[in-house]
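To be precise, the following lines are structure_24.csv, and they hold CSV, C-alpha atoms.
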```
chain,number,residue,atom,x,y,z
A,22,MET,CA,0.0,0.0,0.0
A,23,SER,CA,2.2,2.8,-1.3
A,24,VAL,CA,1.9,6.6,-1.2
A,25,LEU,CA,1.2,7.9,-4.7
A,26,VAL,CA,2.7,11.3,-5.7
A,27,PHE,CA,1.6,13.1,-8.9
A,28,VAL,CA,4.5,14.9,-10.5
A,29,GLU,CA,4.1,17.6,-13.1
A,30,GLY,CA,6.5,18.1,-16.0
A,31,LEU,CA,7.6,21.2,-17.8
A,32,ASN,CA,9.8,21.1,-20.9
A,33,GLY,CA,10.6,17.5,-20.1
A,34,GLU,CA,11.8,18.1,-16.6
A,35,ILE,CA,10.0,17.8,-13.2
A,36,LYS,CA,8.7,21.0,-11.7
A,37,LYS,CA,10.4,22.1,-8.5
A,38,SER,CA,7.0,22.2,-6.7
A,39,SER,CA,6.5,18.5,-7.7
A,40,LEU,CA,9.9,17.7,-6.3
A,41,GLU,CA,8.8,19.2,-3.1
A,42,ALA,CA,5.6,17.0,-3.3
A,43,ALA,CA,7.8,14.0,-3.9
A,44,SER,CA,9.9,14.7,-0.9
A,45,TYR,CA,6.8,15.2,1.2
A,46,GLY,CA,5.3,11.9,-0.1
A,47,SER,CA,8.4,9.9,0.6
A,48,GLN,CA,8.4,11.2,4.2
A,49,VAL,CA,4.8,10.2,4.6
A,50,ALA,CA,5.7,6.8,3.3
A,51,GLN,CA,8.4,6.5,5.9
A,52,GLN,CA,5.9,7.3,8.6
A,53,MET,CA,3.6,4.6,7.3
A,54,GLY,CA,6.3,2.0,6.8
A,55,THR,CA,5.7,1.8,3.0
A,56,THR,CA,7.2,3.1,-0.2
A,57,ALA,CA,6.4,6.2,-2.4
A,58,THR,CA,5.4,5.8,-6.0
A,59,ALA,CA,5.1,8.6,-8.5
A,60,VAL,CA,2.8,9.0,-11.5
A,61,ALA,CA,3.9,11.1,-14.4
A,62,ILE,CA,1.8,12.2,-17.4
A,63,GLY,CA,2.7,13.6,-20.8
A,64,GLU,CA,6.1,14.6,-22.0
A,65,VAL,CA,8.8,14.0,-19.4
A,66,HIS,CA,12.4,12.9,-20.0
A,67,GLU,CA,13.1,9.4,-18.7
A,68,ASP,CA,16.2,10.5,-16.9
A,69,ALA,CA,14.2,13.1,-15.0
A,70,LEU,CA,11.8,10.3,-13.9
A,71,THR,CA,14.6,8.0,-12.8
A,72,LYS,CA,16.2,10.8,-10.8
A,73,LEU,CA,13.1,10.9,-8.6
A,74,GLY,CA,14.8,8.1,-6.7
A,75,GLU,CA,17.0,10.9,-5.3
A,76,HIS,CA,13.9,12.3,-3.6
A,77,GLY,CA,12.6,9.1,-2.1
A,78,ILE,CA,10.5,7.7,-4.9
A,79,SER,CA,11.1,4.0,-5.6
A,80,LYS,CA,9.0,3.6,-8.7
A,81,VAL,CA,7.4,5.8,-11.4
A,82,LEU,CA,4.3,5.0,-13.4
A,83,TYR,CA,4.4,6.9,-16.7
A,84,ASP,CA,1.7,7.4,-19.2
A,85,ALA,CA,3.3,8.9,-22.3
A,86,ASP,CA,0.1,9.3,-24.4
A,87,ASP,CA,0.7,12.2,-26.8
A,88,ARG,CA,-2.8,13.6,-26.0
A,89,LEU,CA,-1.7,14.2,-22.4
A,90,LYS,CA,1.0,16.8,-23.3
A,91,GLN,CA,-1.8,19.3,-22.8
A,92,PHE,CA,-3.6,19.4,-19.4
A,93,VAL,CA,-7.1,18.0,-19.6
A,94,ALA,CA,-8.6,17.5,-16.1
A,95,ASP,CA,-10.8,14.5,-16.9
A,96,ALA,CA,-8.1,12.6,-18.7
A,97,TYR,CA,-5.5,13.3,-15.9
A,98,VAL,CA,-7.9,12.1,-13.3
A,99,LYS,CA,-8.5,8.9,-15.1
A,100,VAL,CA,-4.8,8.2,-15.4
A,101,ILE,CA,-4.1,9.0,-11.7
A,102,ALA,CA,-7.1,6.9,-10.5
A,103,LYS,CA,-5.7,4.0,-12.5
A,104,ALA,CA,-2.3,4.4,-10.9
A,105,ALA,CA,-3.9,4.6,-7.4
A,106,GLN,CA,-5.9,1.4,-8.0
A,107,GLN,CA,-2.9,-0.4,-9.4
A,108,GLU,CA,-0.7,0.6,-6.4
A,109,SER,CA,-3.6,0.2,-3.8
A,110,ALA,CA,-2.6,3.8,-2.7
A,111,LYS,CA,-4.6,5.2,0.2
A,112,VAL,CA,-2.6,8.5,0.3
A,113,LEU,CA,-2.3,10.7,-2.8
A,114,VAL,CA,0.0,13.7,-2.8
A,115,PHE,CA,0.0,16.7,-5.2
A,116,SER,CA,1.6,20.1,-5.4
A,117,ASN,CA,-1.0,22.8,-4.6
A,118,SER,CA,-0.8,24.1,-8.1
A,119,ASN,CA,-3.6,25.0,-10.5
A,120,ILE,CA,-3.3,21.5,-11.9
A,121,GLY,CA,-3.0,19.8,-8.5
A,122,ALA,CA,-6.0,21.6,-7.1
A,123,ALA,CA,-8.2,20.8,-10.1
A,124,VAL,CA,-7.2,17.1,-10.3
A,125,GLY,CA,-7.2,16.6,-6.5
A,126,SER,CA,-10.8,17.8,-6.1
A,127,LYS,CA,-12.1,15.6,-8.9
A,128,LEU,CA,-10.2,12.6,-7.5
A,129,ALA,CA,-11.7,13.2,-4.1
A,130,VAL,CA,-15.2,12.8,-5.6
A,131,ARG,CA,-14.2,9.8,-7.8
A,132,LEU,CA,-12.4,7.9,-5.0
A,133,ASN,CA,-14.7,9.1,-2.2
A,134,GLY,CA,-11.7,10.5,-0.5
A,135,SER,CA,-10.8,13.3,2.0
A,136,LEU,CA,-9.0,16.3,0.5
A,137,ALA,CA,-6.8,18.9,2.2
A,138,THR,CA,-5.2,21.7,0.1
A,139,ASN,CA,-2.5,24.2,0.9
A,140,VAL,CA,-1.0,21.7,3.4
A,141,THR,CA,2.1,22.9,5.3
A,142,THR,CA,2.9,20.0,7.7
A,143,LEU,CA,3.5,16.3,7.6
A,144,PRO,CA,0.5,14.3,9.0
A,145,ASN,CA,0.2,13.6,12.7
A,146,THR,CA,-0.9,10.0,13.0
A,147,ASP,CA,-1.1,9.7,16.8
A,148,GLY,CA,-4.0,7.5,18.0
A,149,GLY,CA,-4.9,6.5,14.5
A,150,SER,CA,-5.7,10.0,13.3
A,151,PHE,CA,-4.4,11.7,10.2
A,152,VAL,CA,-4.1,15.4,11.0
A,153,VAL,CA,-2.5,17.9,8.7
A,154,THR,CA,-2.2,21.7,9.0
A,155,ARG,CA,-3.3,23.8,6.1
A,156,GLY,CA,-3.2,27.5,5.3
A,157,VAL,CA,-6.6,29.3,5.3
A,158,PHE,CA,-7.9,32.8,4.7
A,159,SER,CA,-5.3,33.5,2.1
A,160,GLY,CA,-2.5,32.4,4.4
A,161,LYS,CA,-3.5,34.6,7.3
A,162,ALA,CA,-4.4,31.6,9.6
A,163,PHE,CA,-3.9,27.9,9.8
A,164,ALA,CA,-6.3,25.0,10.5
A,165,ASP,CA,-5.7,21.5,11.6
A,166,VAL,CA,-7.9,19.0,9.7
A,167,ASN,CA,-8.3,15.3,10.3
A,168,LEU,CA,-8.7,13.3,7.1
A,169,THR,CA,-11.0,10.4,8.0
A,170,SER,CA,-11.8,8.8,4.7
A,171,ASP,CA,-10.1,5.6,3.6
A,172,VAL,CA,-8.4,7.6,0.7
A,173,LYS,CA,-6.6,10.7,1.8
A,174,ILE,CA,-5.6,13.4,-0.8
A,175,ILE,CA,-3.1,16.1,0.1
A,176,ALA,CA,-2.1,19.1,-2.0
A,177,VAL,CA,1.2,20.5,-0.6
A,178,LYS,CA,1.7,24.3,-0.4
A,179,LYS,CA,4.5,25.4,-2.6
A,180,ASN,CA,7.8,26.3,-0.8
A,181,SER,CA,6.6,24.8,2.4
A,182,PHE,CA,9.0,21.8,2.2
A,183,GLU,CA,12.6,21.6,1.1
A,184,VAL,CA,13.5,19.3,-1.8
A,185,ALA,CA,15.0,16.4,0.0
A,186,HIS,CA,18.0,14.5,-1.5
A,187,THR,CA,18.0,11.0,0.0
A,188,GLY,CA,20.9,9.7,-2.0
A,189,GLY,CA,18.7,6.7,-3.0
A,190,ALA,CA,19.0,4.6,-6.1
A,191,ASN,CA,17.4,5.6,-9.4
A,192,ALA,CA,13.6,5.0,-9.5
A,193,THR,CA,12.4,2.3,-11.8
A,194,VAL,CA,10.1,3.5,-14.6
A,195,GLU,CA,7.1,1.4,-15.7
A,196,LYS,CA,4.6,2.2,-18.5
A,197,LEU,CA,1.1,3.0,-17.5
A,198,SER,CA,-2.0,3.0,-19.8
A,199,ALA,CA,-5.4,4.1,-18.7
A,200,ASP,CA,-7.1,3.2,-22.0
A,201,LEU,CA,-8.1,6.8,-22.6
A,202,ALA,CA,-11.0,7.4,-25.0
A,203,ASP,CA,-11.6,10.5,-27.1
A,204,ALA,CA,-14.5,11.4,-24.7
A,205,ASP,CA,-11.9,11.9,-22.0
A,206,PHE,CA,-10.5,14.8,-23.9
A,207,ALA,CA,-13.8,16.5,-24.7
A,208,ALA,CA,-13.1,19.4,-22.4
A,209,ALA,CA,-9.6,20.1,-23.8
A,210,PRO,CA,-8.9,23.8,-24.0
A,211,LYS,CA,-8.6,25.3,-27.5
A,212,GLU,CA,-5.6,27.4,-26.5
A,213,THR,CA,-3.0,27.2,-23.8
A,214,VAL,CA,-1.4,30.3,-22.4
A,215,MET,CA,2.0,29.7,-20.9
A,216,GLN,CA,2.6,32.0,-17.9
A,217,ASP,CA,6.3,32.5,-18.4
A,218,THR,CA,8.7,35.2,-19.3
A,219,ASP,CA,11.0,35.7,-22.3
A,220,GLY,CA,13.6,33.8,-20.2
A,221,GLY,CA,11.3,30.8,-20.0
A,222,ILE,CA,10.7,31.1,-16.2
A,223,LEU,CA,7.2,29.9,-15.3
A,224,LEU,CA,5.7,32.5,-12.9
A,225,PRO,CA,4.1,30.0,-10.3
A,226,GLU,CA,7.4,28.1,-10.2
A,227,ALA,CA,9.8,31.1,-10.0
A,228,GLU,CA,12.3,31.3,-7.1
A,229,ILE,CA,12.4,35.1,-7.6
A,230,VAL,CA,9.6,37.4,-8.8
A,231,VAL,CA,9.9,41.0,-9.8
A,232,SER,CA,6.6,42.7,-9.9
A,233,GLY,CA,5.5,46.2,-10.9
A,234,GLY,CA,2.5,48.4,-10.2
A,235,ARG,CA,1.0,51.7,-11.3
A,236,GLY,CA,3.9,53.5,-9.7
A,237,LEU,CA,5.8,52.8,-12.9
A,238,LYS,CA,3.4,55.3,-14.6
A,239,GLY,CA,3.1,53.5,-17.9
A,240,PRO,CA,4.1,50.4,-20.0
A,241,GLU,CA,6.9,52.3,-21.6
A,242,ASN,CA,8.8,52.1,-18.2
A,243,TRP,CA,8.3,48.3,-17.8
A,244,HIS,CA,11.9,47.8,-19.0
A,245,LEU,CA,12.9,48.5,-15.3
A,246,VAL,CA,11.0,45.4,-14.2
A,247,GLU,CA,12.3,43.3,-17.0
A,248,ASP,CA,15.9,44.4,-16.7
A,249,LEU,CA,16.0,43.7,-12.9
A,250,ALA,CA,14.3,40.3,-13.5
A,251,LYS,CA,16.8,39.4,-16.2
A,252,ALA,CA,19.7,40.4,-13.9
A,253,LEU,CA,18.3,38.2,-11.1
A,254,GLY,CA,17.1,35.3,-13.2
A,255,ALA,CA,13.6,36.1,-12.1
A,256,ALA,CA,10.0,36.0,-13.5
A,257,THR,CA,8.1,39.2,-14.0
A,258,ALA,CA,4.6,39.9,-12.6
A,259,CYS,CA,2.3,42.8,-12.1
A,260,SER,CA,-0.6,44.1,-9.9
A,261,LYS,CA,-4.2,43.9,-11.0
A,262,PRO,CA,-4.6,47.6,-12.0
A,263,VAL,CA,-1.6,47.2,-14.3
A,264,SER,CA,-3.2,44.2,-16.1
A,265,ASP,CA,-6.6,46.0,-16.1
A,266,LEU,CA,-5.0,49.0,-17.9
A,267,ASP,CA,-3.5,46.5,-20.5
A,268,TRP,CA,0.0,47.5,-19.6
A,269,ARG,CA,0.8,43.9,-19.1
A,270,PRO,CA,-1.0,40.6,-20.0
A,271,HIS,CA,-3.5,39.2,-17.5
A,272,HIS,CA,-1.5,36.0,-17.0
A,273,GLU,CA,1.2,38.1,-15.2
A,274,HIS,CA,-1.3,39.4,-12.6
A,275,VAL,CA,-0.6,38.1,-9.1
A,276,GLY,CA,-3.0,38.5,-6.3
A,277,GLN,CA,-6.2,37.0,-4.9
A,278,THR,CA,-7.9,37.0,-8.3
A,279,GLY,CA,-4.8,36.2,-10.3
A,280,ILE,CA,-1.8,34.0,-9.8
A,281,THR,CA,-0.7,33.0,-6.3
A,282,VAL,CA,3.1,32.9,-6.0
A,283,SER,CA,5.4,31.5,-3.2
A,284,PRO,CA,8.9,32.5,-4.3
A,285,ASN,CA,12.0,32.8,-2.1
A,286,LEU,CA,12.1,36.5,-3.0
A,287,TYR,CA,9.3,38.8,-4.1
A,288,ILE,CA,10.2,42.4,-5.2
A,289,ALA,CA,7.4,44.8,-5.5
A,290,ILE,CA,8.0,48.0,-7.4
A,291,GLY,CA,5.5,50.8,-7.2
A,292,ILE,CA,2.7,48.6,-5.7
A,293,SER,CA,0.7,50.1,-2.8
A,294,GLY,CA,-0.1,46.7,-1.4
A,295,ALA,CA,-3.9,46.3,-1.4
A,296,ILE,CA,-5.2,43.3,0.6
A,297,GLN,CA,-6.2,41.5,-2.6
A,298,HIS,CA,-2.6,41.7,-3.9
A,299,LEU,CA,-1.1,40.6,-0.5
A,300,ALA,CA,-3.3,37.5,-0.6
A,301,GLY,CA,-1.5,36.3,-3.6
A,302,VAL,CA,2.1,36.9,-2.4
A,303,ASN,CA,2.1,36.6,1.4
A,304,SER,CA,3.5,33.1,1.2
A,305,SER,CA,6.8,34.6,-0.2
A,306,LYS,CA,9.8,33.9,2.1
A,307,VAL,CA,11.2,37.4,1.7
A,308,ILE,CA,9.3,40.5,0.4
A,309,VAL,CA,11.1,43.6,-0.7
A,310,VAL,CA,9.0,46.7,-1.3
A,311,ILE,CA,10.1,49.8,-3.3
A,312,ASN,CA,7.7,52.8,-3.0
A,313,LYS,CA,8.1,56.5,-2.7
A,314,ASP,CA,5.1,56.7,-0.4
A,315,PRO,CA,6.2,55.8,3.2
A,316,GLU,CA,2.6,55.2,4.2
A,317,ALA,CA,2.1,52.5,1.5
A,318,PRO,CA,0.3,49.5,3.2
A,319,PHE,CA,2.8,47.1,1.6
A,320,PHE,CA,5.6,48.2,3.9
A,321,LYS,CA,3.7,46.6,6.9
A,322,ALA,CA,4.0,43.2,5.2
A,323,ALA,CA,7.5,43.7,3.9
A,324,ASP,CA,10.7,42.1,5.2
A,325,TYR,CA,12.7,45.0,3.7
A,326,GLY,CA,11.5,48.3,2.4
A,327,ILE,CA,13.0,51.1,0.4
A,328,VAL,CA,11.3,54.5,0.5
A,329,GLY,CA,12.3,56.1,-2.8
A,330,ASP,CA,11.4,56.8,-6.4
A,331,ALA,CA,11.5,53.6,-8.4
A,332,PHE,CA,13.2,55.5,-11.3
A,333,ASP,CA,16.1,56.2,-9.0
A,334,VAL,CA,16.3,53.0,-7.0
A,335,VAL,CA,15.7,50.3,-9.5
A,336,PRO,CA,18.5,51.2,-12.0
A,337,LYS,CA,20.9,51.1,-9.0
A,338,LEU,CA,19.6,47.6,-8.1
A,339,ILE,CA,20.1,46.5,-11.7
A,340,GLU,CA,23.7,47.7,-11.7
A,341,ALA,CA,24.3,45.9,-8.3
A,342,ALA,CA,22.7,42.7,-9.5
A,343,LYS,CA,24.8,42.7,-12.7
A,344,ALA,CA,28.0,43.3,-10.7
A,345,LEU,CA,27.2,40.3,-8.5
A,346,ASP,CA,26.9,38.1,-11.6
A,347,LYS,CA,30.4,39.0,-12.8
```

As structure tokens, how would this structure be written, given the file I've shared?
Amino acid sequence: MSVLVFVEGLNGEIKKSSLEAASYGSQVAQQMGTTATAVAIGEVHEDALTKLGEHGISKVLYDADDRLKQFVADAYVKVIAKAAQQESAKVLVFSNSNIGAAVGSKLAVRLNGSLATNVTTLPNTDGGSFVVTRGVFSGKAFADVNLTSDVKIIAVKKNSFEVAHTGGANATVEKLSADLADADFAAAPKETVMQDTDGGILLPEAEIVVSGGRGLKGPENWHLVEDLAKALGAATACSKPVSDLDWRPHHEHVGQTGITVSPNLYIAIGISGAIQHLAGVNSSKVIVVINKDPEAPFFKAADYGIVGDAFDVVPKLIEAAKALDK
């Protein structure tokens, strides 16, 4: 009875958030005295799959159906459910990504399981319970929940767990086929928008995010955000008003109604810090705010703040970042 971990791929590699989920799943398996198996879907390099052994995964079930290169919830659910049945898995682990949240909720219905999202702790199994802590109210509070169903589904909050390197042997890779029919792809999207930058950094996966607001005064000044992001190897983002004004595309909008990010470093340039924006970024490990208004609400949530004009401060940061890279 193994723990099953769903891992997401990007450009043939495993996403960092999925490596965190794999590390989490392997630790849960140790608690239960069993092994952790991963299920991968779509286009992922085989060497990336075998390297999951370094993160505590003993076996990988891989469905390489070409139709799965694009995310389709119903098809993904069918594949993962087949893997869970094959492995007699009673604990399923996902990253708390858009894909993980969509698939996890559907699997909870299909498998009659308990679902906990945004999980930040390993389960407490004292006395036969299965209690995990999850972030609630946009990360402002935490709740302990006891998963009582036979099947337990956990979506792990990104950046809550370090990617563990167990030094284990390579994972074995086995083919998996869920006998997918055309009807399983009936809800396939007509178009996929990749939320990345010119440098190929996917915003939800980024370790560093540089974000801009209306304080930049117009799209013609966005080069300041882009240049700093390039110097730091970061993804770019924006506040909701910026996307509403069409200065930037909507898939760069971070906040309660946009993308939720959990980078190691979030740099906010010219963003006042409305509560809706904070809800999407408050899981960042370090927040740096640059704003000429010393009363900007964002400073209350910041780890570091610079009171100054972005047009004076940001060019100096870009120069300093470039100097560090030399």

Per-residue nearest contacts of segment 79-131 of chain A to segment 38-62 of chain A (8 Å; all atoms listed in the file) as JSON lines:
```
{"residue": "A:Ser79", "atom": "CA", "partner": "A:Thr58", "partner_atom": "CA", "distance": 6.0}
{"residue": "A:Lys80", "atom": "CA", "partner": "A:Thr58", "partner_atom": "CA", "distance": 5.0}
{"residue": "A:Val81", "atom": "CA", "partner": "A:Ala59", "partner_atom": "CA", "distance": 4.6}
{"residue": "A:Leu82", "atom": "CA", "partner": "A:Val60", "partner_atom": "CA", "distance": 4.7}
{"residue": "A:Tyr83", "atom": "CA", "partner": "A:Ala61", "partner_atom": "CA", "distance": 4.8}
{"residue": "A:Asp84", "atom": "CA", "partner": "A:Ile62", "partner_atom": "CA", "distance": 5.1}
{"residue": "A:Ala85", "atom": "CA", "partner": "A:Ile62", "partner_atom": "CA", "distance": 6.1}
{"residue": "A:Asp86", "atom": "CA", "partner": "A:Ile62", "partner_atom": "CA", "distance": 7.8}
{"residue": "A:Leu89", "atom": "CA", "partner": "A:Ile62", "partner_atom": "CA", "distance": 6.4}
{"residue": "A:Lys90", "atom": "CA", "partner": "A:Ile62", "partner_atom": "CA", "distance": 7.5}
{"residue": "A:Tyr97", "atom": "CA", "partner": "A:Ile62", "partner_atom": "CA", "distance": 7.5}
{"residue": "A:Val100", "atom": "CA", "partner": "A:Ile62", "partner_atom": "CA", "distance": 8.0}
{"residue": "A:Ile101", "atom": "CA", "partner": "A:Val60", "partner_atom": "CA", "distance": 6.9}
{"residue": "A:Ala104", "atom": "CA", "partner": "A:Val60", "partner_atom": "CA", "distance": 6.9}
{"residue": "A:Val114", "atom": "CA", "partner": "A:Gly46", "partner_atom": "CA", "distance": 6.2}
{"residue": "A:Phe115", "atom": "CA", "partner": "A:Ala42", "partner_atom": "CA", "distance": 5.9}
{"residue": "A:Ser116", "atom": "CA", "partner": "A:Ala42", "partner_atom": "CA", "distance": 5.5}
```

*So which one's closest to Ile120 of chain A, A:Gly326, A:Gly188, A:Gly294, A:Pro225? Using only C-alpha atoms, please.*
A:Pro225

Using only C-alpha atoms, I'd like a table of the residues in segment 250-347 of chain A that come within 12 Å of segment 138-155 of chain A; for each, show the closest atom pair and its distance in Å rounded to one decimal, ordered by chain and ascending number, as JSON lines.
```
{"residue": "A:Thr281", "atom": "CA", "partner": "A:Asn139", "partner_atom": "CA", "distance": 11.5}
{"residue": "A:Ser283", "atom": "CA", "partner": "A:Asn139", "partner_atom": "CA", "distance": 11.5}
{"residue": "A:Ser304", "atom": "CA", "partner": "A:Asn139", "partner_atom": "CA", "distance": 10.7}
```

_With distances taken over all atoms listed in the file, which residue among A:Asp314, A:Glu29, A:Glu241, A:Glu247 lies nearest Glu226 of chain A?_
A:Glu29

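Residues in contact with Lys251 of chain A at up to 10 Å, not including ones fewer than 3 positions away on its chain and judged by only C-alpha atoms, are Thr218, Asp219, Gly220, Val231, Leu245, Val246, Glu247, Asp248, Gly254, Ala255, Ala256, Thr257, Ile339, Ala342 and Lys343 of chain A.
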
_Spatial neighbours of segment 134-137 of chain A, 10 Å, only C-alpha atoms, chain gap at least 4 places, as a VMD selection string_ = chain A and resid 111 to 114 117 122 125 to 130 152 to 156 165 to 177

_Contacts of Thr187 of chain A at 8 Å (only C-alpha atoms; same-chain gap of 3+ positions) as a PyMOL selection string_ = chain A and resi 74-77

*Rank nothing, just name the residue among A:Gln107, A:Lys321, A:Leu70, A:Ala295 nearest to Leu197 of chain A, using all atoms listed in the file.*
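Among the listed residues, A:Gln107 lies closest to Leu197 of chain A.
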
*For atom CA of Gly234 of chain A and atom CA of Ser293 of chain A, quote the distance in Å rounded to one decimal.*
7.8 Å

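Atom pair atom CA of Ile222 of chain A / atom CA of Asp267 of chain A: separated by 21.4 Å.
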
_Atomic distance atom CA of Ser159 of chain A - atom CA of Gln91 of chain A, expressed in Å with one decimal_ =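 Atom CA of Gln91 of chain A lies at a distance of 28.9 Å from atom CA of Ser159 of chain A.
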
*Of the residues A:Lys306, A:Phe92, A:Ser232, A:Pro315, which is the one nearest to Asp205 of chain A, using only C-alpha atoms?*
A:Phe92

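Among the candidates A:Leu132, A:His186, A:Asp200, A:Leu286, the one nearest to Ser109 of chain A when counting all atoms listed in the file is A:Leu132.
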
_Tell me which residues come within 12 Å of (-4.2, 34.9, -14.9), as number ranges by chain, counting only C-alpha atoms in the file's coordinates._
A: 119, 213-217, 224-225, 258-261, 264-265, 269-282, 301
